[in-house]
Amino acid sequence: MQSTSFSCGHAAFVGAPNAGKSTLLNRLLDHKLSIVTPKPQTTRKKITGIYLDEHSQIVILDTPGIMEPKQSLHESMLETTRQALKEADIIVALIPFAKGDEPVDRNFTDELITRWVRPAGKPFIIALNKSDLVTEETVKTVQQEMLDTYSPVAVTALSGLQGSNIDELVKLVRPHLPLDEPLYPEEMLSTEPERFFVAEIIREKIFLQYGREIPYSTEVVIDEFREQHENDPGKKELIRCSVVVERNSQKQIIVGAKGAAIKKLGQAARADIEELLGRPVFLEIFVKIRPDWRKKKSLLKSYGY
Ligand SMILES: Nc1nc2c(ncn2[C@@H]2O[C@H](COP(=O)(O)OP(=O)(O)OP(=O)(O)O)[C@@H](O)[C@H]2O)c(=O)[nH]1
Ligand SMILES: [Mg+2]
């Protein structure tokens, strides 16, 4: 792979919560790496996904969506996004189309580009996402508007969900990658360890299963992750984790009547974890109450924020 036409570097995906950053990362990798839900603020930590084709290795940094911080947790999430912008060789600002009178949120876009993207001092591409939601005419009009208003190195429109125009984004990113050799081995999809993705899967299932404030008041910690039977690879692997909530009432919701809700959670999570690891697991979920964990710096630190 040492051909002179090879390029490698870091691309940061930034944008509003729900813009579709994680969906796009997964689409590019053709692999479900980063968790995706219809709820905003799903991604809380940086997710590194390694895209590879014969001409390029793109180390994609999927980031937490940019929002007004209301807690220490949000501050850490924004700090993660800031770090990714520093690490990036090229920034992809993802701006989603929406159905309705305003095809893009112009106020947010302005804040994103002027307060976050431009100050990073890197070349940036505006990628208009969710193009499946609007007409081709709208796409063209907004593309031109973005080009005229922000002078990015390029504007493109795509649909991460449907996978349309994805290759075009790769082509636009490639010239901005500074290295001529891959940074990571061919088979590597991410720099984060398996246990990180196990916790993410459980968090995704919480986001999908529970309503209101529950997903936002919850954190998942892996307490134990070990092979139970080293000499017998067919045997189940033990994963013990804690679902951290803020109040007893939330614990009751997570557990549900006669434990039905937590059982359902465990089943949904286990199916995906087994698919990720490619081996059977025994998953134990405990619920712990840690009042105000989202505001406590020391707790946040222990959870990896
Ligand atoms: N119609 C449409 N929906 C999309 C597209 N891409 C993502 N979505 C949906 O938008 C929602 C949010 O997607 P995510 O990928 O989780 O968005 P994100 O930017 O990572 O969100 P945060 O992690 O919360 O910052 C999900 O319901 C996706 O299915 C797209 O191209 N078209
Ligand atoms: Mg995300």
# chains A, B, ... in the order shown; residues from 1 in each chain; ligands from 1

$ residues_around --residues "region 155-160 of chain A" --least-positions-apart "3" --cutoff "9 Å" --atoms "only C-alpha atoms" --output "compact mmCIF listing (two decimals) with N, CA and C atoms, in the first residue's frame"
# COMPACT_ATOMS: atom_id res chain seq x y z
N GLY A 20 -26.73 13.75 12.13
CA GLY A 20 -26.49 12.50 11.38
C GLY A 20 -25.01 12.14 11.27
N LYS A 21 -24.20 12.64 12.19
CA LYS A 21 -22.75 12.40 12.15
C LYS A 21 -22.43 10.92 12.32
N SER A 22 -23.07 10.31 13.31
CA SER A 22 -22.76 8.90 13.59
C SER A 22 -23.28 7.99 12.48
N THR A 23 -24.45 8.32 11.95
CA THR A 23 -25.01 7.54 10.84
C THR A 23 -24.05 7.58 9.64
N LEU A 24 -23.51 8.76 9.38
CA LEU A 24 -22.60 8.92 8.24
C LEU A 24 -21.31 8.14 8.46
N LEU A 25 -20.79 8.20 9.68
CA LEU A 25 -19.59 7.42 9.99
C LEU A 25 -19.85 5.93 9.72
N ASN A 26 -20.96 5.43 10.25
CA ASN A 26 -21.27 4.01 10.07
C ASN A 26 -21.42 3.65 8.60
N ARG A 27 -22.04 4.54 7.86
CA ARG A 27 -22.24 4.31 6.43
C ARG A 27 -20.89 4.22 5.71
N LEU A 28 -19.99 5.12 6.06
CA LEU A 28 -18.67 5.12 5.41
C LEU A 28 -17.89 3.85 5.76
N ILE A 125 -15.16 21.44 4.93
CA ILE A 125 -16.15 21.10 3.90
C ILE A 125 -17.52 21.21 4.56
N ILE A 126 -18.46 21.79 3.87
CA ILE A 126 -19.83 21.75 4.37
C ILE A 126 -20.54 20.59 3.69
N ALA A 127 -21.03 19.66 4.50
CA ALA A 127 -21.77 18.52 3.95
C ALA A 127 -23.22 18.66 4.39
N LEU A 128 -24.07 18.92 3.41
CA LEU A 128 -25.50 19.05 3.69
C LEU A 128 -26.08 17.64 3.74
N ASN A 129 -26.51 17.24 4.91
CA ASN A 129 -26.96 15.86 5.10
C ASN A 129 -28.49 15.76 5.02
N LYS A 130 -28.98 14.56 4.99
CA LYS A 130 -30.43 14.27 4.93
C LYS A 130 -31.05 14.87 3.67
N SER A 131 -30.29 14.81 2.57
CA SER A 131 -30.79 15.36 1.31
C SER A 131 -32.04 14.63 0.83
N ASP A 132 -32.28 13.46 1.41
CA ASP A 132 -33.49 12.70 1.04
C ASP A 132 -34.77 13.40 1.51
N LEU A 133 -34.64 14.40 2.39
CA LEU A 133 -35.84 15.05 2.95
C LEU A 133 -36.33 16.23 2.12
N VAL A 139 -31.83 21.55 -2.60
CA VAL A 139 -30.43 21.16 -2.38
C VAL A 139 -29.51 22.14 -3.11
N LYS A 140 -29.80 22.39 -4.36
CA LYS A 140 -28.95 23.27 -5.18
C LYS A 140 -28.91 24.69 -4.63
N GLN A 143 -26.94 24.74 -1.37
CA GLN A 143 -25.52 24.52 -1.66
C GLN A 143 -24.85 25.83 -2.09
N GLN A 144 -25.50 26.53 -3.00
CA GLN A 144 -24.94 27.79 -3.49
C GLN A 144 -24.88 28.83 -2.37
N MET A 146 -24.54 28.30 0.81
CA MET A 146 -23.46 27.95 1.75
C MET A 146 -22.09 28.34 1.18
N LEU A 147 -21.95 28.08 -0.11
CA LEU A 147 -20.70 28.41 -0.78
C LEU A 147 -20.45 29.91 -0.73
N SER A 151 -17.62 30.35 2.20
CA SER A 151 -16.42 30.01 1.45
C SER A 151 -15.66 28.78 1.98
N PRO A 152 -16.33 27.67 2.12
CA PRO A 152 -15.62 26.44 2.50
C PRO A 152 -14.80 25.93 1.31
N GLY A 163 -27.19 6.53 1.96
CA GLY A 163 -25.88 6.25 1.36
C GLY A 163 -25.66 6.94 0.02
N SER A 164 -26.41 8.01 -0.23
CA SER A 164 -26.21 8.67 -1.52
C SER A 164 -25.14 9.77 -1.45
N ASN A 165 -24.32 9.77 -2.47
CA ASN A 165 -23.23 10.74 -2.63
C ASN A 165 -22.13 10.66 -1.56
N ILE A 166 -21.99 9.50 -0.99
CA ILE A 166 -20.99 9.29 0.06
C ILE A 166 -19.57 9.30 -0.53
N GLU A 168 -18.49 10.87 -2.99
CA GLU A 168 -18.11 12.25 -3.31
C GLU A 168 -17.43 12.90 -2.08
N LEU A 169 -17.98 12.65 -0.91
CA LEU A 169 -17.38 13.22 0.31
C LEU A 169 -15.95 12.71 0.48
N LEU A 172 -13.66 14.52 -1.73
CA LEU A 172 -13.41 15.89 -1.30
C LEU A 172 -12.46 15.96 -0.11

$ residues_around --residues "region 270-282 of chain A" --least-positions-apart "4" --cutoff "9 Å" --atoms "only C-alpha atoms" --output "JSON, numbers by chain"
{"A": [32, 33, 194, 197, 198, 201, 202, 233, 234, 235, 236, 237, 238, 239, 240, 265, 266]}

$ write_last_selection --atoms "C-alpha atoms" --output "mmCIF file, in the first residue's frame"
data_model
loop_
_atom_site.group_PDB
_atom_site.id
_atom_site.type_symbol
_atom_site.label_atom_id
_atom_site.label_comp_id
_atom_site.auth_asym_id
_atom_site.auth_seq_id
_atom_site.Cartn_x
_atom_site.Cartn_y
_atom_site.Cartn_z
ATOM 1 C CA LYS A 32 -22.353 -0.174 12.859
ATOM 2 C CA LEU A 33 -19.680 1.340 15.059
ATOM 3 C CA GLU A 194 -14.290 -3.470 22.709
ATOM 4 C CA PHE A 197 -18.458 -0.192 22.413
ATOM 5 C CA VAL A 198 -20.190 -2.639 24.742
ATOM 6 C CA ILE A 201 -24.553 -0.463 22.876
ATOM 7 C CA ILE A 202 -26.210 -0.574 26.294
ATOM 8 C CA PRO A 233 -13.976 -20.484 23.509
ATOM 9 C CA GLY A 234 -17.570 -21.675 23.040
ATOM 10 C CA LYS A 235 -18.450 -20.786 26.630
ATOM 11 C CA LYS A 236 -19.970 -17.468 27.514
ATOM 12 C CA GLU A 237 -18.019 -14.387 28.383
ATOM 13 C CA LEU A 238 -19.051 -12.485 31.502
ATOM 14 C CA ILE A 239 -19.865 -8.795 31.254
ATOM 15 C CA ARG A 240 -20.945 -6.967 34.389
ATOM 16 C CA LEU A 265 -32.970 -3.946 27.981
ATOM 17 C CA GLY A 266 -30.584 -6.799 28.690
#

$ select_by_dssp --residues "region 115-207 of chain A" --states "strand (DSSP E or B)" --output "number ranges by chain"
A: 124-129, 154-157, 159, 164, 179

$ write_last_selection --atoms "N, CA and C atoms" --output "short mmCIF file (atom, residue, chain, number, x, y, z; two decimals), in the first residue's frame"
data_model
loop_
_atom_site.label_atom_id
_atom_site.label_comp_id
_atom_site.auth_asym_id
_atom_site.auth_seq_id
_atom_site.Cartn_x
_atom_site.Cartn_y
_atom_site.Cartn_z
N PHE A 124 -12.25 23.40 5.70
CA PHE A 124 -13.50 22.72 6.05
C PHE A 124 -14.41 22.54 4.85
N ILE A 125 -15.16 21.44 4.93
CA ILE A 125 -16.15 21.10 3.90
C ILE A 125 -17.52 21.21 4.56
N ILE A 126 -18.46 21.79 3.87
CA ILE A 126 -19.83 21.75 4.37
C ILE A 126 -20.54 20.59 3.69
N ALA A 127 -21.03 19.66 4.50
CA ALA A 127 -21.77 18.52 3.95
C ALA A 127 -23.22 18.66 4.39
N LEU A 128 -24.07 18.92 3.41
CA LEU A 128 -25.50 19.05 3.69
C LEU A 128 -26.08 17.64 3.74
N ASN A 129 -26.51 17.24 4.91
CA ASN A 129 -26.96 15.86 5.10
C ASN A 129 -28.49 15.76 5.02
N ALA A 154 -15.30 23.18 -0.06
CA ALA A 154 -16.31 22.56 -0.92
C ALA A 154 -17.63 22.45 -0.17
N VAL A 155 -18.70 22.37 -0.93
CA VAL A 155 -20.01 22.05 -0.36
C VAL A 155 -20.52 20.83 -1.09
N THR A 156 -21.03 19.86 -0.34
CA THR A 156 -21.61 18.70 -0.98
C THR A 156 -22.92 18.36 -0.27
N ALA A 157 -23.78 17.63 -0.93
CA ALA A 157 -25.02 17.21 -0.31
C ALA A 157 -25.11 15.69 -0.39
N SER A 159 -26.88 11.84 1.67
CA SER A 159 -27.78 11.25 2.66
C SER A 159 -27.05 10.08 3.32
N SER A 164 -26.41 8.01 -0.23
CA SER A 164 -26.21 8.67 -1.52
C SER A 164 -25.14 9.77 -1.45
N LEU A 179 -0.70 12.67 5.21
CA LEU A 179 0.26 11.57 5.23
C LEU A 179 0.16 10.72 3.97
#

$ closest_residue --among "A:Glu284, A:Glu187, A:Glu204, A:Glu219" --to "Tyr305 (chain A)" --atoms "only C-alpha atoms"
A:Glu219

$ select_by_dssp --residues "region 60-284 of chain A" --states "alpha helix (DSSP H)" --output "ChimeraX atom specification"
/A:72-87,106-111,136-150,166-173,194-209,248-255,260-277

$ closest_residue --among "A:Val134, A:Ile47, A:Ala199, A:Ile60" --to "Met77 (chain A)" --atoms "only C-alpha atoms"
A:Ile47

$ atom_distance --atom1 "CA of Val255 (chain A)" --atom2 "CA of Trp293 (chain A)"
19.2 Å
